[in-house]
Each structure stands twice: as C-alpha cells, then as structure tokens.
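Q: data_31.pdb is the file, holding PDB, C-alpha atoms and all ligand atoms:
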```pdb
MODEL        1
ATOM      1  CA  MET V  16     153.594  46.578  98.796
ATOM      2  CA  SER V  17     154.743  48.114 102.058
ATOM      3  CA  GLU V  18     154.246  46.295 105.353
ATOM      4  CA  ASN V  19     151.791  48.989 106.438
ATOM      5  CA  PHE V  20     149.478  48.274 103.519
ATOM      6  CA  LYS V  21     149.700  44.547 104.244
ATOM      7  CA  ASP V  22     148.581  45.247 107.803
ATOM      8  CA  ILE V  23     145.685  47.384 106.636
ATOM      9  CA  PHE V  24     144.454  44.723 104.235
ATOM     10  CA  SER V  25     144.706  41.932 106.804
ATOM     11  CA  GLU V  26     142.720  44.092 109.231
ATOM     12  CA  LEU V  27     140.086  44.712 106.519
ATOM     13  CA  ARG V  28     139.964  40.952 105.903
ATOM     14  CA  ARG V  29     139.350  40.289 109.591
ATOM     15  CA  LYS V  30     136.522  42.815 109.613
ATOM     16  CA  MET V  31     135.017  41.300 106.465
ATOM     17  CA  ILE V  32     134.992  37.857 108.106
ATOM     18  CA  SER V  33     133.181  39.017 111.227
ATOM     19  CA  GLU V  34     130.919  41.771 109.858
ATOM     20  CA  GLN V  35     129.960  40.342 106.463
ATOM     21  CA  LEU V  36     130.286  36.571 106.789
ATOM     22  CA  ILE V  37     129.898  35.306 110.372
ATOM     23  CA  SER V  38     127.205  37.885 111.130
ATOM     24  CA  ARG V  39     125.171  36.580 108.167
ATOM     25  CA  GLY V  40     125.471  32.950 109.165
ATOM     26  CA  ILE V  41     128.515  31.569 107.314
ATOM     27  CA  GLU V  42     129.788  28.746 109.542
ATOM     28  CA  ASP V  43     132.113  26.563 107.477
ATOM     29  CA  LYS V  44     135.490  26.890 109.227
ATOM     30  CA  ARG V  45     137.497  26.235 106.076
ATOM     31  CA  VAL V  46     135.605  28.920 104.152
ATOM     32  CA  LEU V  47     136.182  31.483 106.905
ATOM     33  CA  GLU V  48     139.838  30.538 107.275
ATOM     34  CA  VAL V  49     140.541  30.707 103.559
ATOM     35  CA  MET V  50     138.705  33.975 102.997
ATOM     36  CA  GLY V  51     140.731  35.372 105.871
ATOM     37  CA  LYS V  52     143.831  34.593 103.849
ATOM     38  CA  VAL V  53     143.220  35.156 100.106
ATOM     39  CA  PRO V  54     144.292  38.746  99.231
ATOM     40  CA  ARG V  55     141.135  40.134  97.614
ATOM     41  CA  GLU V  56     142.985  43.407  96.890
ATOM     42  CA  GLU V  57     144.984  41.572  94.199
ATOM     43  CA  PHE V  58     141.842  40.630  92.268
ATOM     44  CA  VAL V  59     139.996  43.952  91.898
ATOM     45  CA  ALA V  60     140.714  46.606  89.235
ATOM     46  CA  PRO V  61     143.773  48.701  90.207
ATOM     47  CA  GLY V  62     141.675  51.797  91.040
ATOM     48  CA  GLU V  63     139.463  49.759  93.400
ATOM     49  CA  ARG V  64     142.097  48.377  95.781
ATOM     50  CA  ALA V  65     141.147  50.684  98.628
ATOM     51  CA  ARG V  66     137.574  49.348  98.377
ATOM     52  CA  SER V  67     138.513  45.703  97.894
ATOM     53  CA  TYR V  68     136.811  44.520 101.109
ATOM     54  CA  PHE V  69     133.647  46.525 100.426
ATOM     55  CA  ASP V  70     130.414  44.621 101.109
ATOM     56  CA  GLY V  71     129.356  44.300  97.463
ATOM     57  CA  PRO V  72     130.560  43.475  93.942
ATOM     58  CA  LEU V  73     133.321  45.596  92.355
ATOM     59  CA  PRO V  74     134.508  46.204  88.775
ATOM     60  CA  ILE V  75     137.342  44.033  87.441
ATOM     61  CA  GLY V  76     137.460  45.534  83.919
ATOM     62  CA  ASN V  77     135.877  44.378  80.632
ATOM     63  CA  GLY V  78     132.437  45.240  82.041
ATOM     64  CA  GLN V  79     132.620  42.362  84.564
ATOM     65  CA  THR V  80     132.588  42.243  88.353
ATOM     66  CA  ILE V  81     134.117  40.335  91.255
ATOM     67  CA  SER V  82     131.281  38.955  93.402
ATOM     68  CA  GLN V  83     130.395  40.287  96.845
ATOM     69  CA  PRO V  84     132.444  38.472  99.542
ATOM     70  CA  TYR V  85     129.284  37.098 101.188
ATOM     71  CA  ILE V  86     128.133  35.522  97.917
ATOM     72  CA  VAL V  87     131.542  33.874  97.407
ATOM     73  CA  ALA V  88     131.401  32.525 100.965
ATOM     74  CA  TYR V  89     127.790  31.376 100.631
ATOM     75  CA  MET V  90     128.341  29.550  97.338
ATOM     76  CA  THR V  91     131.516  27.907  98.628
ATOM     77  CA  GLU V  92     129.788  26.798 101.844
ATOM     78  CA  MET V  93     126.892  25.389  99.812
ATOM     79  CA  LEU V  94     129.346  23.230  97.838
ATOM     80  CA  GLU V  95     129.994  21.259 101.087
ATOM     81  CA  LEU V  96     133.651  20.647 100.253
ATOM     82  CA  THR V  97     135.705  18.064 102.105
ATOM     83  CA  GLY V  98     138.989  18.737 100.290
ATOM     84  CA  SER V  99     139.146  15.871  97.804
ATOM     85  CA  GLU V 100     136.917  17.345  95.090
ATOM     86  CA  ASN V 101     137.618  18.087  91.471
ATOM     87  CA  ILE V 102     135.625  21.195  90.605
ATOM     88  CA  LEU V 103     134.569  22.813  87.338
ATOM     89  CA  GLU V 104     134.157  26.587  87.619
ATOM     90  CA  LEU V 105     132.463  28.633  84.875
ATOM     91  CA  GLY V 106     133.284  32.350  84.779
ATOM     92  CA  THR V 107     136.808  32.718  86.168
ATOM     93  CA  GLY V 108     136.583  36.523  86.047
ATOM     94  CA  SER V 109     139.119  37.969  88.461
ATOM     95  CA  GLY V 110     139.993  34.496  89.765
ATOM     96  CA  TYR V 111     139.023  35.309  93.369
ATOM     97  CA  GLN V 112     136.426  32.536  93.705
ATOM     98  CA  THR V 113     138.909  30.235  91.927
ATOM     99  CA  ALA V 114     141.553  30.961  94.591
ATOM    100  CA  VAL V 115     139.087  30.261  97.415
ATOM    101  CA  LEU V 116     138.183  26.923  95.804
ATOM    102  CA  ALA V 117     141.822  26.030  95.104
ATOM    103  CA  GLU V 118     142.677  26.558  98.788
ATOM    104  CA  ILE V 119     140.035  24.026  99.850
ATOM    105  CA  ALA V 120     139.570  21.445  97.084
ATOM    106  CA  GLU V 121     141.999  19.223  95.209
ATOM    107  CA  GLU V 122     141.743  20.305  91.608
ATOM    108  CA  ILE V 123     140.007  23.207  89.864
ATOM    109  CA  SER V 124     139.238  23.450  86.149
ATOM    110  CA  THR V 125     138.115  26.976  85.333
ATOM    111  CA  ILE V 126     136.725  28.475  82.113
ATOM    112  CA  GLU V 127     136.519  32.173  81.188
ATOM    113  CA  PHE V 128     134.958  33.537  78.007
ATOM    114  CA  ILE V 129     136.832  36.879  77.779
ATOM    115  CA  PRO V 130     140.483  36.245  76.763
ATOM    116  CA  ASP V 131     141.798  39.344  78.521
ATOM    117  CA  LEU V 132     140.319  38.271  81.885
ATOM    118  CA  ALA V 133     141.393  34.663  81.344
ATOM    119  CA  ASP V 134     145.004  35.792  80.775
ATOM    120  CA  ARG V 135     145.019  38.124  83.751
ATOM    121  CA  SER V 136     143.553  35.655  86.219
ATOM    122  CA  GLU V 137     145.842  32.845  85.047
ATOM    123  CA  LYS V 138     148.929  35.032  85.514
ATOM    124  CA  LEU V 139     147.804  36.231  88.931
ATOM    125  CA  LEU V 140     146.858  32.794  90.252
ATOM    126  CA  THR V 141     149.889  30.911  88.948
ATOM    127  CA  LYS V 142     152.826  33.332  88.641
ATOM    128  CA  LYS V 143     152.038  35.771  91.441
ATOM    129  CA  LEU V 144     150.126  33.649  93.953
ATOM    130  CA  GLY V 145     151.700  30.280  93.110
ATOM    131  CA  TYR V 146     148.656  27.997  92.774
ATOM    132  CA  THR V 147     149.484  24.653  91.136
ATOM    133  CA  ASN V 148     146.089  22.913  91.262
ATOM    134  CA  ILE V 149     144.165  25.047  88.745
ATOM    135  CA  ARG V 150     143.831  24.449  84.983
ATOM    136  CA  PHE V 151     142.611  27.283  82.774
ATOM    137  CA  LYS V 152     140.633  27.413  79.570
ATOM    138  CA  THR V 153     139.367  30.314  77.477
ATOM    139  CA  GLY V 154     135.981  29.597  75.916
ATOM    140  CA  ASN V 155     132.290  29.025  76.452
ATOM    141  CA  GLY V 156     131.787  27.480  79.849
ATOM    142  CA  ALA V 157     128.285  26.296  78.951
ATOM    143  CA  GLU V 158     129.977  23.517  76.990
ATOM    144  CA  GLY V 159     131.840  22.350  80.084
ATOM    145  CA  TRP V 160     135.208  20.584  79.823
ATOM    146  CA  SER V 161     134.592  16.991  78.829
ATOM    147  CA  GLU V 162     138.285  15.939  78.947
ATOM    148  CA  TYR V 163     138.270  16.288  82.736
ATOM    149  CA  ALA V 164     134.679  15.242  83.444
ATOM    150  CA  PRO V 165     132.958  13.944  85.460
ATOM    151  CA  PHE V 166     133.235  16.616  88.144
ATOM    152  CA  LYS V 167     132.196  16.256  91.757
ATOM    153  CA  ARG V 168     131.176  19.893  91.885
ATOM    154  CA  ILE V 169     130.319  22.540  89.285
ATOM    155  CA  ILE V 170     130.054  26.213  90.225
ATOM    156  CA  VAL V 171     128.763  28.851  87.813
ATOM    157  CA  THR V 172     129.390  32.556  88.500
ATOM    158  CA  ALA V 173     127.520  34.143  85.554
ATOM    159  CA  ALA V 174     123.781  33.700  85.097
ATOM    160  CA  PRO V 175     122.220  31.777  82.192
ATOM    161  CA  GLU V 176     118.521  32.553  81.528
ATOM    162  CA  LYS V 177     117.985  28.825  81.371
ATOM    163  CA  PHE V 178     120.461  26.332  82.807
ATOM    164  CA  PRO V 179     122.519  24.525  80.094
ATOM    165  CA  GLU V 180     121.358  21.008  80.895
ATOM    166  CA  SER V 181     124.069  19.278  78.881
ATOM    167  CA  LEU V 182     126.328  20.112  81.866
ATOM    168  CA  PHE V 183     124.466  17.490  83.903
ATOM    169  CA  ASP V 184     126.305  14.864  81.810
ATOM    170  CA  GLN V 185     129.625  16.194  83.181
ATOM    171  CA  LEU V 186     128.496  15.892  86.817
ATOM    172  CA  GLU V 187     129.440  12.821  88.811
ATOM    173  CA  ASP V 188     126.667  10.802  90.428
ATOM    174  CA  GLY V 189     126.354  12.118  93.987
ATOM    175  CA  GLY V 190     127.737  15.463  92.793
ATOM    176  CA  MET V 191     126.327  18.979  92.989
ATOM    177  CA  ILE V 192     126.060  22.155  90.913
ATOM    178  CA  ILE V 193     125.533  25.658  92.321
ATOM    179  CA  ALA V 194     124.479  28.233  89.717
ATOM    180  CA  PRO V 195     122.598  31.521  89.417
ATOM    181  CA  VAL V 196     119.747  31.198  86.926
ATOM    182  CA  GLY V 197     117.476  33.876  85.460
ATOM    183  CA  GLY V 198     117.415  37.223  83.708
ATOM    184  CA  PHE V 199     116.773  40.396  85.691
ATOM    185  CA  TYR V 200     115.499  38.322  88.617
ATOM    186  CA  GLN V 201     117.832  35.459  89.403
ATOM    187  CA  ASN V 202     117.934  32.692  91.952
ATOM    188  CA  LEU V 203     120.839  30.611  93.089
ATOM    189  CA  ILE V 204     119.935  26.995  92.308
ATOM    190  CA  ARG V 205     121.447  23.790  93.654
ATOM    191  CA  TYR V 206     121.265  20.724  91.412
ATOM    192  CA  LYS V 207     122.132  17.372  92.977
ATOM    193  CA  LYS V 208     122.602  14.229  90.944
ATOM    194  CA  ILE V 209     121.290  11.244  92.844
ATOM    195  CA  ASN V 210     121.076   7.871  91.083
ATOM    196  CA  ASP V 211     121.361   9.750  87.795
ATOM    197  CA  GLU V 212     118.375  11.920  88.573
ATOM    198  CA  ILE V 213     118.643  15.703  89.024
ATOM    199  CA  ILE V 214     117.067  17.155  92.161
ATOM    200  CA  GLN V 215     116.724  20.946  92.060
ATOM    201  CA  THR V 216     116.510  23.292  95.073
ATOM    202  CA  GLY V 217     116.158  27.092  95.017
ATOM    203  CA  LEU V 218     118.456  28.856  97.520
ATOM    204  CA  ILE V 219     118.552  32.692  97.568
ATOM    205  CA  ALA V 220     117.911  35.636  95.234
ATOM    206  CA  VAL V 221     121.104  36.889  93.586
ATOM    207  CA  SER V 222     122.315  39.300  90.915
ATOM    208  CA  PHE V 223     125.105  38.092  88.615
ATOM    209  CA  VAL V 224     126.327  39.318  85.238
ATOM    210  CA  PRO V 225     124.738  37.293  82.441
ATOM    211  CA  LEU V 226     126.376  34.191  81.022
ATOM    212  CA  ILE V 227     127.469  35.297  77.534
ATOM    213  CA  VAL V 228     126.314  33.331  74.412
TER     214      VAL V 228
HETATM  215  N1  LIG W 301     133.853  34.432  90.053
HETATM  216  C1  LIG W 301     134.239  35.670  89.431
HETATM  217  C2  LIG W 301     133.032  36.455  89.009
HETATM  218  C3  LIG W 301     133.210  36.902  87.619
HETATM  219  S1  LIG W 301     131.837  37.658  86.847
HETATM  220  C4  LIG W 301     135.135  36.468  90.368
HETATM  221  O1  LIG W 301     135.261  36.086  91.546
HETATM  222  O2  LIG W 301     135.740  37.449  89.947
HETATM  223  C5  LIG W 301     131.398  36.417  85.688
HETATM  224  C6  LIG W 301     132.436  36.030  84.683
HETATM  225  O3  LIG W 301     131.847  35.063  83.811
HETATM  226  C7  LIG W 301     132.921  37.158  83.786
HETATM  227  O4  LIG W 301     134.307  37.228  83.852
HETATM  228  C8  LIG W 301     132.444  36.755  82.408
HETATM  229  O5  LIG W 301     133.326  37.144  81.379
HETATM  230  C9  LIG W 301     132.385  35.245  82.529
HETATM  231  N2  LIG W 301     131.514  34.592  81.551
HETATM  232  C10 LIG W 301     130.365  35.044  81.022
HETATM  233  N3  LIG W 301     129.858  34.142  80.167
HETATM  234  C11 LIG W 301     130.701  33.089  80.151
HETATM  235  C12 LIG W 301     130.711  31.851  79.459
HETATM  236  N4  LIG W 301     129.765  31.504  78.610
HETATM  237  N5  LIG W 301     131.734  30.995  79.712
HETATM  238  C13 LIG W 301     132.724  31.330  80.582
HETATM  239  N6  LIG W 301     132.767  32.490  81.241
HETATM  240  C14 LIG W 301     131.767  33.364  81.040
ENDMDL
END
```
How does the structure come out when it is put into structure tokens?
A:
Amino acid sequence: MSENFKDIFSELRRKMISEQLISRGIEDKRVLEVMGKVPREEFVAPGERARSYFDGPLPIGNGQTISQPYIVAYMTEMLELTGSENILELGTGSGYQTAVLAEIAEEISTIEFIPDLADRSEKLLTKKLGYTNIRFKTGNGAEGWSEYAPFKRIIVTAAPEKFPESLFDQLEDGGMIIAPVGGFYQNLIRYKKINDEIIQTGLIAVSFVPLIV
C-alpha cells in the first residue's frame, strides 16, 4: 500500500477514536490506544476498504459482518482487561476483535465455525500482522475449548437465542463473560462467576449475527 493510503487510514482511525468512541464514553486508555493502531482496513471485504472506518458493521464475506467499532470498543472495555488474561473468543470472523484483544491480553484462544473465515483470519493475524499469542480452532464455539480452560474472560461475538450454559464450566472463578443473547432483539449480557455462582447483568441492546447451530 502506498504511503498516501497509510496516511489516509491513520487519519480515519484518529477520527474514529474521537467521533465514535470517546464521544460515546469509551474511556479505557488501552482500548483507545489499540484501536488507534489496529488496521481495520485489513479486516473488511476487499470492496469495503474505503468504508472500513464507517460507524457501523460491514460485510466480511460468507454472509458475516465485522462489528461496528463502537461495539468492539465497548465489549473490550467491559472485559476490564489488565493484560495478564487468557481469553476465549467465540466467532473469530474477520479477526478484528481478536487483534484488539491480542494487543491487550496475554493469550487468546479463538474459535470460528466457517472454515473459510477461520483460514482467512488466521493467515491475516499470524502471517501478515505477526501476532504470536493467538491460537485458532475451526468448530462450534458453543462447546468452548476445554484443553485450555479455565479462561479468565470469554467473549462471544455471535448471538445465541439462549446462552450455552456449559461454557460456565470453562470460566475461572472471578472471571467474566460478555455475550450478546437473543433472537431479533438482543442484549449484551455480562456473566460474572463469583464463588462458583453466576451473576448476570444486562448491558445494552445490540444486533449480532446469530450463533450457528
Ligand atoms: N468479532 C468478529 C465478528 C464476526 S461475526 C469480527 O470482528 O469480525 C460472528 C462470527 O461468528 C461469524 O464469523 C460466524 O461465522 C461466527 N460463528 C457463528 N456461529 C458460531 C459458532 N457456533 N462457533 C464459532 N463461530 C461462530
């Protein structure tokens, strides 16, 4: 990519940070710093690059979407990361949210159901962008990834109608899950595990693609 394009995208990133994130109340310095750095234009479908910093979701192929920047920032802020976490992510999709997490936390395990998207995001994140703290799996995220459990955080970026509660077994005590739940009307839900009990809090209304299966 020419230097001019790089400049344009970094300017669009700066605008996204101030007009879409800070203006709506995102405060976590790490989240703002990292989203000011990860090249969102690499993650959208090729025909969408010019719109990659648009204030909404965009197509990534296979009928799926990359989430709106604000939603990525909001979910990441809600995870209250300190940097030492191992995170399970369900719904790798383009890998954009994965990259944001990998910049902040220690270790990311990410699962994508559609093989084509799983291949693309793995290549982009490892070969092109050089991340070394992400492990990839193709399959049904609702089953989790028991080999690497328990996780300190679990983030879900496709909406189940009803939350797959067996995932609570893969959450560390003191840990947290952020997930959209519902059908046409969805809410972002936070589940905290405290003394082996699950405490549930509703956050905001959202609109994600459905969790398949
Ligand atoms: N975080 C992604 C958003 C992707 S959209 C991004 O930033 O691009 C949701 C993704 O969840 C889609 O790629 C979809 O294929 C995937 N998905 C749907 N059901 C799934 C399941 N059961 N297990 C794993 N991934 C699933």
Q: For CA of Ser25 (chain V) and CA of Ala133 (chain V), determine how far apart the two atoms are, in Å to one decimal place.
A: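 Between these atoms lies a distance of 26.7 Å.
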Q: Run the PyMOL selection byres (((chain V and resi 200-210) around 9) and not hetatm) on the file and write out the hits as a PyMOL selection string.
A: chain V and resi 90+93-94+174+176+183+186-199+211-223
Q: Pick from V:Arg55, V:Lys167, V:Lys143, V:Arg64: nearest to ligand LIG 301 (chain W), with all atoms listed in the file counted?
A: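 When distances to ligand LIG 301 (chain W) are compared using all atoms listed in the file, the smallest one comes from V:Arg55.
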Q: Would you compute the distance between atom C2 of ligand LIG 301 (chain W) and CA of Gln79 (chain V)? Give it in Å to one decimal.
A: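 These atoms are spaced 7.4 Å apart.
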Q: Using only C-alpha atoms and all ligand atoms, which residues of the polymer chains come no farther than 10 Å from ligand LIG 301 (chain W)? I'd like the answer as a ChimeraX atom specification.
A: /V:55,58-59,72-84,86-87,104-115,125-133,136,152-159,170-175,223-228
Q: Give me, please, the distance in Å between CA of Leu103 (chain V) and CA of Ile123 (chain V), quoted to one decimal.
A: 6.0 Å
